[in-house]
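Peer 1: My structure file final_28.pdb, PDB, C-alpha atoms, pLDDT in the B column, is below:
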```pdb
MODEL        1
ATOM      1  CA  MET A  15      11.509  17.295   1.891  1.00 89.00           C
ATOM      2  CA  ILE A  16       9.504  14.097   1.709  1.00 96.00           C
ATOM      3  CA  LYS A  17       6.141  14.397   3.440  1.00 97.00           C
ATOM      4  CA  VAL A  18       5.109  11.908   6.086  1.00 98.00           C
ATOM      5  CA  ILE A  19       1.441  11.127   5.519  1.00 98.00           C
ATOM      6  CA  ASN A  20      -0.589  10.328   8.617  1.00 98.00           C
ATOM      7  CA  LEU A  21      -3.663   8.447   7.427  1.00 98.00           C
ATOM      8  CA  GLU A  22      -5.759   9.196  10.530  1.00 97.00           C
ATOM      9  CA  ASP A  23      -5.194  12.936   9.978  1.00 98.00           C
ATOM     10  CA  LYS A  24      -6.175  12.600   6.332  1.00 98.00           C
ATOM     11  CA  PHE A  25      -9.351  10.637   7.144  1.00 98.00           C
ATOM     12  CA  LYS A  26     -10.430  13.438   9.508  1.00 98.00           C
ATOM     13  CA  ARG A  27     -10.583  15.865   6.594  1.00 97.00           C
ATOM     14  CA  PHE A  28     -13.650  14.420   4.871  1.00 97.00           C
ATOM     15  CA  ASP A  29     -16.902  12.584   5.524  1.00 97.00           C
ATOM     16  CA  ASP A  30     -18.240  11.672   2.106  1.00 96.00           C
ATOM     17  CA  LEU A  31     -18.574   7.987   1.310  1.00 96.00           C
ATOM     18  CA  TRP A  32     -17.288   6.067  -1.719  1.00 95.00           C
ATOM     19  CA  SER A  33     -15.312   9.135  -2.795  1.00 95.00           C
ATOM     20  CA  PRO A  34     -11.596   8.264  -2.905  1.00 95.00           C
ATOM     21  CA  LYS A  35      -9.069  10.999  -2.082  1.00 97.00           C
ATOM     22  CA  ILE A  36      -5.523  10.915  -3.367  1.00 97.00           C
ATOM     23  CA  VAL A  37      -2.908  11.147  -0.604  1.00 98.00           C
ATOM     24  CA  GLY A  38       0.154  10.286  -2.663  1.00 97.00           C
ATOM     25  CA  ARG A  39       1.525   8.957  -5.900  1.00 97.00           C
ATOM     26  CA  LEU A  40       3.900   6.057  -6.519  1.00 97.00           C
ATOM     27  CA  ASP A  41       5.182   6.221 -10.091  1.00 96.00           C
ATOM     28  CA  ASN A  42       1.973   6.016 -12.148  1.00 94.00           C
ATOM     29  CA  TYR A  43      -0.087   4.676  -9.275  1.00 96.00           C
ATOM     30  CA  ASP A  44      -2.412   6.523  -6.934  1.00 95.00           C
ATOM     31  CA  VAL A  45      -2.376   6.047  -3.200  1.00 97.00           C
ATOM     32  CA  LYS A  46      -5.952   6.757  -2.172  1.00 97.00           C
ATOM     33  CA  ILE A  47      -8.013   6.629   0.973  1.00 98.00           C
ATOM     34  CA  VAL A  48     -11.762   6.208   1.034  1.00 98.00           C
ATOM     35  CA  LYS A  49     -14.592   5.902   3.542  1.00 98.00           C
ATOM     36  CA  THR A  50     -17.227   3.343   2.653  1.00 98.00           C
ATOM     37  CA  LYS A  51     -20.580   2.236   4.049  1.00 98.00           C
ATOM     38  CA  GLY A  52     -23.340   0.291   2.365  1.00 97.00           C
ATOM     39  CA  GLU A  53     -23.178  -1.064  -1.169  1.00 95.00           C
ATOM     40  CA  PHE A  54     -21.150  -0.040  -4.179  1.00 94.00           C
ATOM     41  CA  VAL A  55     -21.691  -0.934  -7.819  1.00 92.00           C
ATOM     42  CA  ARG A  56     -20.592  -4.353  -9.083  1.00 93.00           C
ATOM     43  CA  HIS A  57     -17.810  -3.848 -11.626  1.00 92.00           C
ATOM     44  CA  ASP A  58     -14.435  -5.004 -12.830  1.00 89.00           C
ATOM     45  CA  HIS A  59     -11.267  -3.388 -14.174  1.00 92.00           C
ATOM     46  CA  GLU A  60     -10.191  -4.982 -17.415  1.00 91.00           C
ATOM     47  CA  ASP A  61      -6.544  -3.934 -17.251  1.00 91.00           C
ATOM     48  CA  GLU A  62      -5.714  -3.101 -13.644  1.00 93.00           C
ATOM     49  CA  ASP A  63      -5.309  -4.937 -10.361  1.00 96.00           C
ATOM     50  CA  GLU A  64      -6.634  -3.169  -7.266  1.00 97.00           C
ATOM     51  CA  LEU A  65      -5.294  -3.364  -3.712  1.00 98.00           C
ATOM     52  CA  PHE A  66      -7.479  -2.772  -0.649  1.00 98.00           C
ATOM     53  CA  TYR A  67      -5.986  -2.463   2.836  1.00 98.00           C
ATOM     54  CA  VAL A  68      -8.441  -2.010   5.691  1.00 98.00           C
ATOM     55  CA  ILE A  69      -7.714   0.623   8.342  1.00 98.00           C
ATOM     56  CA  ARG A  70     -11.028   0.514  10.227  1.00 98.00           C
ATOM     57  CA  GLY A  71     -14.270  -1.475  10.011  1.00 98.00           C
ATOM     58  CA  MET A  72     -14.733  -4.415   7.644  1.00 98.00           C
ATOM     59  CA  PHE A  73     -14.723  -4.362   3.861  1.00 98.00           C
ATOM     60  CA  SER A  74     -16.485  -7.103   1.948  1.00 98.00           C
ATOM     61  CA  LEU A  75     -16.240  -8.077  -1.687  1.00 98.00           C
ATOM     62  CA  GLU A  76     -18.894 -10.214  -3.358  1.00 98.00           C
ATOM     63  CA  LEU A  77     -17.151 -12.263  -6.022  1.00 97.00           C
ATOM     64  CA  ASP A  78     -18.531 -14.882  -8.403  1.00 96.00           C
ATOM     65  CA  GLU A  79     -17.083 -17.586  -6.121  1.00 95.00           C
ATOM     66  CA  GLY A  80     -18.337 -16.150  -2.835  1.00 97.00           C
ATOM     67  CA  THR A  81     -17.729 -13.268  -0.462  1.00 98.00           C
ATOM     68  CA  ILE A  82     -14.493 -12.265   1.232  1.00 98.00           C
ATOM     69  CA  ASP A  83     -14.264 -10.074   4.332  1.00 98.00           C
ATOM     70  CA  ILE A  84     -11.197  -7.885   4.859  1.00 98.00           C
ATOM     71  CA  ARG A  85     -10.514  -6.610   8.367  1.00 98.00           C
ATOM     72  CA  PRO A  86      -8.067  -4.046   9.832  1.00 98.00           C
ATOM     73  CA  GLY A  87      -4.483  -5.130   9.207  1.00 97.00           C
ATOM     74  CA  GLU A  88      -5.552  -7.225   6.223  1.00 98.00           C
ATOM     75  CA  LEU A  89      -5.312  -6.593   2.518  1.00 98.00           C
ATOM     76  CA  ALA A  90      -6.621  -8.197  -0.649  1.00 98.00           C
ATOM     77  CA  ILE A  91      -5.714  -7.690  -4.273  1.00 98.00           C
ATOM     78  CA  VAL A  92      -8.490  -7.955  -6.846  1.00 97.00           C
ATOM     79  CA  PRO A  93      -6.925  -9.181 -10.091  1.00 97.00           C
ATOM     80  CA  LYS A  94      -7.758  -7.434 -13.342  1.00 95.00           C
ATOM     81  CA  GLY A  95     -10.930  -8.760 -14.977  1.00 95.00           C
ATOM     82  CA  THR A  96     -12.456  -9.968 -11.697  1.00 96.00           C
ATOM     83  CA  MET A  97     -16.028  -8.837 -11.064  1.00 95.00           C
ATOM     84  CA  HIS A  98     -16.474  -7.535  -7.534  1.00 95.00           C
ATOM     85  CA  LYS A  99     -19.251  -5.825  -5.617  1.00 97.00           C
ATOM     86  CA  PRO A 100     -17.897  -3.962  -2.601  1.00 97.00           C
ATOM     87  CA  PHE A 101     -19.924  -3.408   0.527  1.00 97.00           C
ATOM     88  CA  ALA A 102     -19.402  -2.415   4.130  1.00 98.00           C
ATOM     89  CA  ALA A 103     -21.958  -3.072   6.878  1.00 97.00           C
ATOM     90  CA  GLU A 104     -20.419  -0.356   9.058  1.00 98.00           C
ATOM     91  CA  GLU A 105     -18.365   2.711   8.137  1.00 98.00           C
ATOM     92  CA  THR A 106     -15.094   1.321   6.855  1.00 98.00           C
ATOM     93  CA  TRP A 107     -11.845   3.117   6.051  1.00 98.00           C
ATOM     94  CA  LEU A 108      -9.587   1.869   3.304  1.00 98.00           C
ATOM     95  CA  LEU A 109      -6.215   2.484   1.778  1.00 98.00           C
ATOM     96  CA  VAL A 110      -6.418   1.764  -1.963  1.00 97.00           C
ATOM     97  CA  LEU A 111      -3.577   1.341  -4.436  1.00 97.00           C
ATOM     98  CA  GLU A 112      -4.206   1.235  -8.136  1.00 94.00           C
ATOM     99  CA  SER A 113      -3.057   2.591 -11.464  1.00 92.00           C
ATOM    100  CA  SER A 114      -3.735   6.304 -11.918  1.00 91.00           C
ATOM    101  CA  LYS A 115      -5.556   5.478 -15.152  1.00 87.00           C
ATOM    102  CA  ILE A 116      -8.149   3.242 -13.489  1.00 82.00           C
ATOM    103  CA  LYS A 117     -11.865   4.062 -13.607  1.00 80.00           C
ATOM    104  CA  HIS A 118     -13.121   3.318 -10.121  1.00 76.00           C
ATOM    105  CA  THR A 119     -16.454   1.872 -11.255  1.00 79.00           C
ATOM    106  CA  GLY A 120     -14.930   0.091 -14.246  1.00 77.00           C
ATOM    107  CA  ASP A 121     -17.133   0.507 -17.325  1.00 76.00           C
ATOM    108  CA  VAL A 122     -20.260   0.854 -15.215  1.00 79.00           C
ATOM    109  CA  VAL A 123     -21.398   4.457 -14.848  1.00 80.00           C
ATOM    110  CA  THR A 124     -23.618   5.320 -11.886  1.00 80.00           C
ATOM    111  CA  ASP A 125     -24.341   8.323  -9.707  1.00 77.00           C
ATOM    112  CA  LYS A 126     -21.319   7.228  -7.653  1.00 77.00           C
ATOM    113  CA  THR A 127     -18.944   7.434 -10.617  1.00 82.00           C
ATOM    114  CA  LEU A 128     -16.293  10.145 -10.277  1.00 81.00           C
ATOM    115  CA  LYS A 129     -14.139  11.416 -13.124  1.00 77.00           C
ATOM    116  CA  GLU A 130     -11.536  12.980 -10.896  1.00 82.00           C
ATOM    117  CA  PHE A 131     -10.326  12.473  -7.375  1.00 87.00           C
ATOM    118  CA  GLU A 132      -9.566  15.214  -4.913  1.00 88.00           C
ATOM    119  CA  GLU A 133      -6.036  15.412  -3.541  1.00 90.00           C
ATOM    120  CA  ILE A 134      -5.863  15.962   0.187  1.00 92.00           C
TER     121      ILE A 134
ATOM    122  CA  MET B  23     -10.795 -17.209  -4.727  1.00 89.00           C
ATOM    123  CA  ILE B  24      -8.991 -14.033  -3.778  1.00 96.00           C
ATOM    124  CA  LYS B  25      -6.814 -14.490  -0.699  1.00 97.00           C
ATOM    125  CA  VAL B  26      -7.159 -12.185   2.267  1.00 98.00           C
ATOM    126  CA  ILE B  27      -3.649 -11.416   3.503  1.00 98.00           C
ATOM    127  CA  ASN B  28      -3.310 -10.857   7.235  1.00 98.00           C
ATOM    128  CA  LEU B  29      -0.061  -8.952   7.729  1.00 98.00           C
ATOM    129  CA  GLU B  30       0.377  -9.927  11.391  1.00 97.00           C
ATOM    130  CA  ASP B  31       0.187 -13.607  10.407  1.00 98.00           C
ATOM    131  CA  LYS B  32       2.745 -13.050   7.652  1.00 98.00           C
ATOM    132  CA  PHE B  33       5.147 -11.203   9.972  1.00 98.00           C
ATOM    133  CA  LYS B  34       5.046 -14.164  12.384  1.00 98.00           C
ATOM    134  CA  ARG B  35       6.568 -16.423   9.722  1.00 97.00           C
ATOM    135  CA  PHE B  36      10.052 -14.907   9.721  1.00 97.00           C
ATOM    136  CA  ASP B  37      12.600 -13.169  11.908  1.00 97.00           C
ATOM    137  CA  ASP B  38      15.372 -12.062   9.561  1.00 96.00           C
ATOM    138  CA  LEU B  39      15.980  -8.345   9.255  1.00 96.00           C
ATOM    139  CA  TRP B  40      16.215  -6.218   6.097  1.00 95.00           C
ATOM    140  CA  SER B  41      15.004  -9.172   4.046  1.00 95.00           C
ATOM    141  CA  PRO B  42      11.749  -8.243   2.286  1.00 95.00           C
ATOM    142  CA  LYS B  43       9.172 -10.978   1.662  1.00 97.00           C
ATOM    143  CA  ILE B  44       6.622 -10.750  -1.112  1.00 97.00           C
ATOM    144  CA  VAL B  45       3.028 -11.126   0.110  1.00 98.00           C
ATOM    145  CA  GLY B  46       1.254 -10.086  -3.074  1.00 97.00           C
ATOM    146  CA  ARG B  47       1.511  -8.541  -6.499  1.00 97.00           C
ATOM    147  CA  LEU B  48      -0.344  -5.573  -7.953  1.00 97.00           C
ATOM    148  CA  ASP B  49       0.180  -5.499 -11.721  1.00 96.00           C
ATOM    149  CA  ASN B  50       3.968  -5.211 -12.052  1.00 94.00           C
ATOM    150  CA  TYR B  51       4.442  -4.081  -8.464  1.00 96.00           C
ATOM    151  CA  ASP B  52       5.447  -6.105  -5.422  1.00 95.00           C
ATOM    152  CA  VAL B  53       3.680  -5.867  -2.107  1.00 97.00           C
ATOM    153  CA  LYS B  54       6.385  -6.690   0.404  1.00 97.00           C
ATOM    154  CA  ILE B  55       6.749  -6.814   4.155  1.00 98.00           C
ATOM    155  CA  VAL B  56      10.041  -6.443   5.967  1.00 98.00           C
ATOM    156  CA  LYS B  57      11.381  -6.347   9.518  1.00 98.00           C
ATOM    157  CA  THR B  58      14.090  -3.773  10.111  1.00 98.00           C
ATOM    158  CA  LYS B  59      16.389  -2.813  12.952  1.00 98.00           C
ATOM    159  CA  GLY B  60      19.616  -0.812  12.877  1.00 97.00           C
ATOM    160  CA  GLU B  61      21.057   0.771   9.765  1.00 95.00           C
ATOM    161  CA  PHE B  62      20.693  -0.020   6.102  1.00 94.00           C
ATOM    162  CA  VAL B  63      22.825   1.090   3.183  1.00 92.00           C
ATOM    163  CA  ARG B  64      22.392   4.589   1.767  1.00 93.00           C
ATOM    164  CA  HIS B  65      21.099   4.290  -1.804  1.00 92.00           C
ATOM    165  CA  ASP B  66      18.645   5.581  -4.356  1.00 89.00           C
ATOM    166  CA  HIS B  67      16.503   4.100  -7.108  1.00 92.00           C
ATOM    167  CA  GLU B  68      17.015   5.910 -10.372  1.00 91.00           C
ATOM    168  CA  ASP B  69      13.725   4.906 -11.978  1.00 91.00           C
ATOM    169  CA  GLU B  70      11.332   3.864  -9.237  1.00 93.00           C
ATOM    170  CA  ASP B  71       9.422   5.500  -6.408  1.00 96.00           C
ATOM    171  CA  GLU B  72       9.204   3.520  -3.170  1.00 97.00           C
ATOM    172  CA  LEU B  73       6.348   3.507  -0.627  1.00 98.00           C
ATOM    173  CA  PHE B  74       6.891   2.691   3.053  1.00 98.00           C
ATOM    174  CA  TYR B  75       3.958   2.178   5.432  1.00 98.00           C
ATOM    175  CA  VAL B  76       4.816   1.520   9.068  1.00 98.00           C
ATOM    176  CA  ILE B  77       2.973  -1.268  10.901  1.00 98.00           C
ATOM    177  CA  ARG B  78       5.040  -1.317  14.108  1.00 98.00           C
ATOM    178  CA  GLY B  79       8.000   0.613  15.539  1.00 98.00           C
ATOM    179  CA  MET B  80       9.440   3.697  13.854  1.00 98.00           C
ATOM    180  CA  PHE B  81      11.182   3.882  10.506  1.00 98.00           C
ATOM    181  CA  SER B  82      13.601   6.706   9.791  1.00 98.00           C
ATOM    182  CA  LEU B  83      15.051   7.917   6.519  1.00 98.00           C
ATOM    183  CA  GLU B  84      18.132  10.100   6.404  1.00 98.00           C
ATOM    184  CA  LEU B  85      17.798  12.342   3.376  1.00 97.00           C
ATOM    185  CA  ASP B  86      20.067  15.077   2.073  1.00 96.00           C
ATOM    186  CA  GLU B  87      17.679  17.661   3.606  1.00 95.00           C
ATOM    187  CA  GLY B  88      17.324  16.005   6.987  1.00 97.00           C
ATOM    188  CA  THR B  89      15.723  12.991   8.616  1.00 98.00           C
ATOM    189  CA  ILE B  90      12.090  11.935   8.563  1.00 98.00           C
ATOM    190  CA  ASP B  91      10.488   9.550  11.060  1.00 98.00           C
ATOM    191  CA  ILE B  92       7.556   7.393   9.972  1.00 98.00           C
ATOM    192  CA  ARG B  93       5.343   5.911  12.675  1.00 98.00           C
ATOM    193  CA  PRO B  94       2.541   3.308  12.677  1.00 98.00           C
ATOM    194  CA  GLY B  95      -0.366   4.471  10.542  1.00 97.00           C
ATOM    195  CA  GLU B  96       1.924   6.722   8.523  1.00 98.00           C
ATOM    196  CA  LEU B  97       3.449   6.342   5.095  1.00 98.00           C
ATOM    197  CA  ALA B  98       6.032   8.125   3.005  1.00 98.00           C
ATOM    198  CA  ILE B  99       6.930   7.853  -0.655  1.00 98.00           C
ATOM    199  CA  VAL B 100      10.580   8.240  -1.630  1.00 97.00           C
ATOM    200  CA  PRO B 101      10.678   9.694  -5.150  1.00 97.00           C
ATOM    201  CA  LYS B 102      12.952   8.130  -7.762  1.00 96.00           C
ATOM    202  CA  GLY B 103      16.495   9.515  -7.643  1.00 95.00           C
ATOM    203  CA  THR B 104      16.302  10.482  -3.952  1.00 96.00           C
ATOM    204  CA  MET B 105      19.196   9.267  -1.817  1.00 95.00           C
ATOM    205  CA  HIS B 106      17.976   7.732   1.434  1.00 95.00           C
ATOM    206  CA  LYS B 107      19.578   5.864   4.296  1.00 97.00           C
ATOM    207  CA  PRO B 108      17.019   3.835   6.231  1.00 97.00           C
ATOM    208  CA  PHE B 109      17.367   3.054   9.902  1.00 97.00           C
ATOM    209  CA  ALA B 110      15.257   1.847  12.787  1.00 98.00           C
ATOM    210  CA  ALA B 111      16.229   2.289  16.434  1.00 97.00           C
ATOM    211  CA  GLU B 112      13.903  -0.539  17.481  1.00 98.00           C
ATOM    212  CA  GLU B 113      12.553  -3.502  15.518  1.00 98.00           C
ATOM    213  CA  THR B 114      10.225  -1.980  12.967  1.00 98.00           C
ATOM    214  CA  TRP B 115       7.744  -3.677  10.638  1.00 98.00           C
ATOM    215  CA  LEU B 116       7.004  -2.214   7.236  1.00 98.00           C
ATOM    216  CA  LEU B 117       4.724  -2.688   4.293  1.00 98.00           C
ATOM    217  CA  VAL B 118       6.612  -1.731   1.124  1.00 97.00           C
ATOM    218  CA  LEU B 119       5.247  -1.104  -2.347  1.00 97.00           C
ATOM    219  CA  GLU B 120       7.508  -0.776  -5.326  1.00 94.00           C
ATOM    220  CA  SER B 121       8.064  -1.906  -8.890  1.00 92.00           C
ATOM    221  CA  SER B 122       8.935  -5.597  -9.208  1.00 91.00           C
ATOM    222  CA  LYS B 123      12.023  -4.594 -11.177  1.00 87.00           C
ATOM    223  CA  ILE B 124      13.508  -2.509  -8.366  1.00 82.00           C
ATOM    224  CA  LYS B 125      16.866  -3.383  -6.806  1.00 80.00           C
ATOM    225  CA  HIS B 126      16.358  -2.867  -3.081  1.00 76.00           C
ATOM    226  CA  THR B 127      19.820  -1.408  -2.466  1.00 79.00           C
ATOM    227  CA  GLY B 128      19.831   0.563  -5.705  1.00 77.00           C
ATOM    228  CA  ASP B 129      23.207   0.312  -7.432  1.00 77.00           C
ATOM    229  CA  VAL B 130      25.013  -0.209  -4.123  1.00 80.00           C
ATOM    230  CA  VAL B 131      25.919  -3.846  -3.505  1.00 80.00           C
ATOM    231  CA  THR B 132      26.529  -4.927   0.095  1.00 80.00           C
ATOM    232  CA  ASP B 133      26.182  -8.074   2.163  1.00 77.00           C
ATOM    233  CA  LYS B 134      22.536  -7.070   2.652  1.00 77.00           C
ATOM    234  CA  THR B 135      21.824  -7.043  -1.077  1.00 82.00           C
ATOM    235  CA  LEU B 136      19.354  -9.713  -2.181  1.00 81.00           C
ATOM    236  CA  LYS B 137      18.784 -10.768  -5.775  1.00 77.00           C
ATOM    237  CA  GLU B 138      15.462 -12.440  -5.109  1.00 83.00           C
ATOM    238  CA  PHE B 139      12.749 -12.130  -2.528  1.00 87.00           C
ATOM    239  CA  GLU B 140      10.985 -15.021  -0.883  1.00 88.00           C
ATOM    240  CA  GLU B 141       7.231 -15.235  -1.313  1.00 90.00           C
ATOM    241  CA  ILE B 142       5.342 -16.024   1.864  1.00 92.00           C
TER     242      ILE B 142
ENDMDL
END
```
Have the structure of the file written as structure tokens, please.
Peer 2:
Amino acid sequence: MIKVINLEDKFKRFDDLWSPKIVGRLDNYDVKIVKTKGEFVRHDHEDEDELFYVIRGMFSLELDEGTIDIRPGELAIVPKGTMHKPFAAEETWLLVLESSKIKHTGDVVTDKTLKEFEEI
Amino acid sequence: MIKVINLEDKFKRFDDLWSPKIVGRLDNYDVKIVKTKGEFVRHDHEDEDELFYVIRGMFSLELDEGTIDIRPGELAIVPKGTMHKPFAAEETWLLVLESSKIKHTGDVVTDKTLKEFEEI
């Protein structure tokens, strides 16, 4: 039977920041949720687009051309090869869709870089 | 500059039912929104998974094993090859993610079958 995934229930299961959890898979794409607050590393993804949909809070992306703010009910797609530095002034909850082969910090490796993502 | 897509604003631009509109693209995938009410044709997609996220209302899928109901804040992924008959008792708004090559009624052709989707 196909599972119905309640995002609020899934978000209640963890508190760590900038640590995406996989809640489903669509072909070769991951459906992830993540809690964010503060700054993340500036990076790009050479071969993959990345979709961010905001559930709670406000998610900002510093781009070369300026900064965009994404609010609940809004989404933005970062095209492949586009440098972006994510940040969130308050705790912000996101739904993220991207290829399963993506490296979430691009080619930049920091203490926030994860090799694998937990499935919840 | 990357566009921020406000789904509520996009939903206000149309009233037709079961007629998905493309609001963005993620690699070779379409990000679509659609208003639904009543019944849709029973079909499957041989090669593509299909993600439904409910924004408003309640979206139901009749499967061989039973019926699932998807409510706002919930999503479900229909695996490739899974027969499903969508219906919505009330007007229901959905975000849909699926391969750009998908045929939205599978191999079933009805008066609801569209060859192309409008971009809004």
Peer 1: If we count all atoms listed in the file, which residues of chain B reach to within 8 Å of chain A? Please list them as a list in words.
Peer 2: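 Therefore, the residues near the partner are Met23, Ile24, Lys25, Val26, Ile27, Asn28, Leu29, Glu30, Gly46, Arg47, Leu48, Asp49, Glu70, Asp71, Glu72, Leu73, Glu87, Gly88, Ile90, Asp91, Ile92, Gly95, Glu96, Leu97, Ala98, Ile99, Val100, Pro101 and Glu120 of chain B.
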Peer 1: Find the residue from A:Leu108, A:Ser33, A:Phe101, A:Phe25 that sits nearest to Lys129 (chain A); use only C-alpha atoms when measuring.
Peer 2: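 Distance minimum relative to Lys129 (chain A) lands on A:Ser33.
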Peer 1: Go through the shown structure with the PyMOL selection byres ((chain B and resi 78) around 7) and write out the matching residues as a ChimeraX atom specification.
Peer 2: /B:76-77,79-80,94,114-115
Peer 1: Using all atoms listed in the file, which protein or nucleic acid residues come within 12 Å of Phe131 (chain A)? Drop anything in the same chain fewer than 4 positions from it, and give the result as a ChimeraX atom specification.
Peer 2: /A:32-38,44-48,114-118,127
Peer 1: Which distance in Å separates CA of Glu112 (chain B) and CA of Leu136 (chain B), to one decimal?
Peer 2: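 Atom-to-atom, CA of Glu112 (chain B) and CA of Leu136 (chain B) are spaced 22.4 Å apart.
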Peer 1: Hey, which of B:Lys57, B:Lys107, B:His65, B:Lys134 ends up closest to Leu39 (chain B)? Count all atoms listed in the file.
Peer 2: B:Lys57
Peer 1: When you draw a straight line from CA of Ser82 (chain B) to CA of Ala111 (chain B), how long is it in Å?
Peer 2: 8.4 Å
Peer 1: For the structure provided, state which residues fall under the PyMOL selection byres ((chain B and resi 66) around 7), and present them as a ChimeraX atom specification.
Peer 2: /B:65,67-68,103-106,128
Peer 1: Between CA of Ile142 (chain B) and CA of Thr127 (chain B), what is the spacing in Å?
Peer 2: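 Pair CA of Thr127 (chain B) / CA of Ile142 (chain B) returns 21.0 Å.
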Peer 1: Once you add 6 Å to each side, what are the centre and edge lengths of the axis-aligned box holding all listed atoms of region 105-114 of chain B? One decimal in Å, as JSON, if you can.
Peer 2:
```
{"center_x": 14.9, "center_y": 2.9, "center_z": 7.8, "size_x": 21.4, "size_y": 24.8, "size_z": 31.3}
```
Peer 1: Using only C-alpha atoms, which residue out of A:Ala102, A:Glu133, A:Phe73, A:Asp29 lies closest to Glu53 (chain A)?
Peer 2: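 Among the listed residues, A:Ala102 lies closest to Glu53 (chain A).
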Peer 1: Provide region 70-89 of chain B rebuilt to N, CA and C atoms, formatted as a JSON list (two decimals), in the frame of the given file.
Peer 2:
```json
[["chain", "number", "residue", "atom", "x", "y", "z"],
["B", 70, "GLU", "N", 12.53, 4.32, -9.94],
["B", 70, "GLU", "CA", 11.33, 3.86, -9.24],
["B", 70, "GLU", "C", 11.10, 4.63, -7.93],
["B", 71, "ASP", "N", 9.83, 5.00, -7.72],
["B", 71, "ASP", "CA", 9.42, 5.50, -6.41],
["B", 71, "ASP", "C", 9.27, 4.30, -5.46],
["B", 72, "GLU", "N", 9.26, 4.59, -4.17],
["B", 72, "GLU", "CA", 9.20, 3.52, -3.17],
["B", 72, "GLU", "C", 8.30, 3.97, -2.02],
["B", 73, "LEU", "N", 7.30, 3.15, -1.69],
["B", 73, "LEU", "CA", 6.35, 3.51, -0.63],
["B", 73, "LEU", "C", 6.62, 2.67, 0.62],
["B", 74, "PHE", "N", 6.72, 3.36, 1.76],
["B", 74, "PHE", "CA", 6.89, 2.69, 3.05],
["B", 74, "PHE", "C", 5.70, 3.03, 3.95],
["B", 75, "TYR", "N", 5.04, 2.00, 4.46],
["B", 75, "TYR", "CA", 3.96, 2.18, 5.43],
["B", 75, "TYR", "C", 4.35, 1.43, 6.70],
["B", 76, "VAL", "N", 4.32, 2.12, 7.82],
["B", 76, "VAL", "CA", 4.82, 1.52, 9.07],
["B", 76, "VAL", "C", 3.69, 0.81, 9.82],
["B", 77, "ILE", "N", 3.93, -0.45, 10.15],
["B", 77, "ILE", "CA", 2.97, -1.27, 10.90],
["B", 77, "ILE", "C", 3.31, -1.23, 12.39],
["B", 78, "ARG", "N", 4.59, -1.27, 12.71],
["B", 78, "ARG", "CA", 5.04, -1.32, 14.11],
["B", 78, "ARG", "C", 6.41, -0.66, 14.21],
["B", 79, "GLY", "N", 6.69, 0.01, 15.34],
["B", 79, "GLY", "CA", 8.00, 0.61, 15.54],
["B", 79, "GLY", "C", 8.09, 2.01, 14.95],
["B", 80, "MET", "N", 9.26, 2.40, 14.52],
["B", 80, "MET", "CA", 9.44, 3.70, 13.85],
["B", 80, "MET", "C", 10.55, 3.55, 12.82],
["B", 81, "PHE", "N", 10.25, 4.01, 11.61],
["B", 81, "PHE", "CA", 11.18, 3.88, 10.51],
["B", 81, "PHE", "C", 11.69, 5.27, 10.15],
["B", 82, "SER", "N", 13.01, 5.40, 10.08],
["B", 82, "SER", "CA", 13.60, 6.71, 9.79],
["B", 82, "SER", "C", 14.35, 6.67, 8.47],
["B", 83, "LEU", "N", 14.32, 7.79, 7.78],
["B", 83, "LEU", "CA", 15.05, 7.92, 6.52],
["B", 83, "LEU", "C", 15.91, 9.17, 6.59],
["B", 84, "GLU", "N", 17.22, 8.96, 6.50],
["B", 84, "GLU", "CA", 18.13, 10.10, 6.40],
["B", 84, "GLU", "C", 18.20, 10.53, 4.95],
["B", 85, "LEU", "N", 17.79, 11.76, 4.72],
["B", 85, "LEU", "CA", 17.80, 12.34, 3.38],
["B", 85, "LEU", "C", 18.84, 13.44, 3.33],
["B", 86, "ASP", "N", 19.11, 13.98, 2.16],
["B", 86, "ASP", "CA", 20.07, 15.08, 2.07],
["B", 86, "ASP", "C", 19.59, 16.29, 2.87],
["B", 87, "GLU", "N", 18.25, 16.47, 2.95],
["B", 87, "GLU", "CA", 17.68, 17.66, 3.61],
["B", 87, "GLU", "C", 17.47, 17.48, 5.09],
["B", 88, "GLY", "N", 17.62, 16.26, 5.58],
["B", 88, "GLY", "CA", 17.32, 16.00, 6.99],
["B", 88, "GLY", "C", 16.76, 14.61, 7.15],
["B", 89, "THR", "N", 16.23, 14.33, 8.32],
["B", 89, "THR", "CA", 15.72, 12.99, 8.62],
["B", 89, "THR", "C", 14.22, 13.03, 8.83]]
```
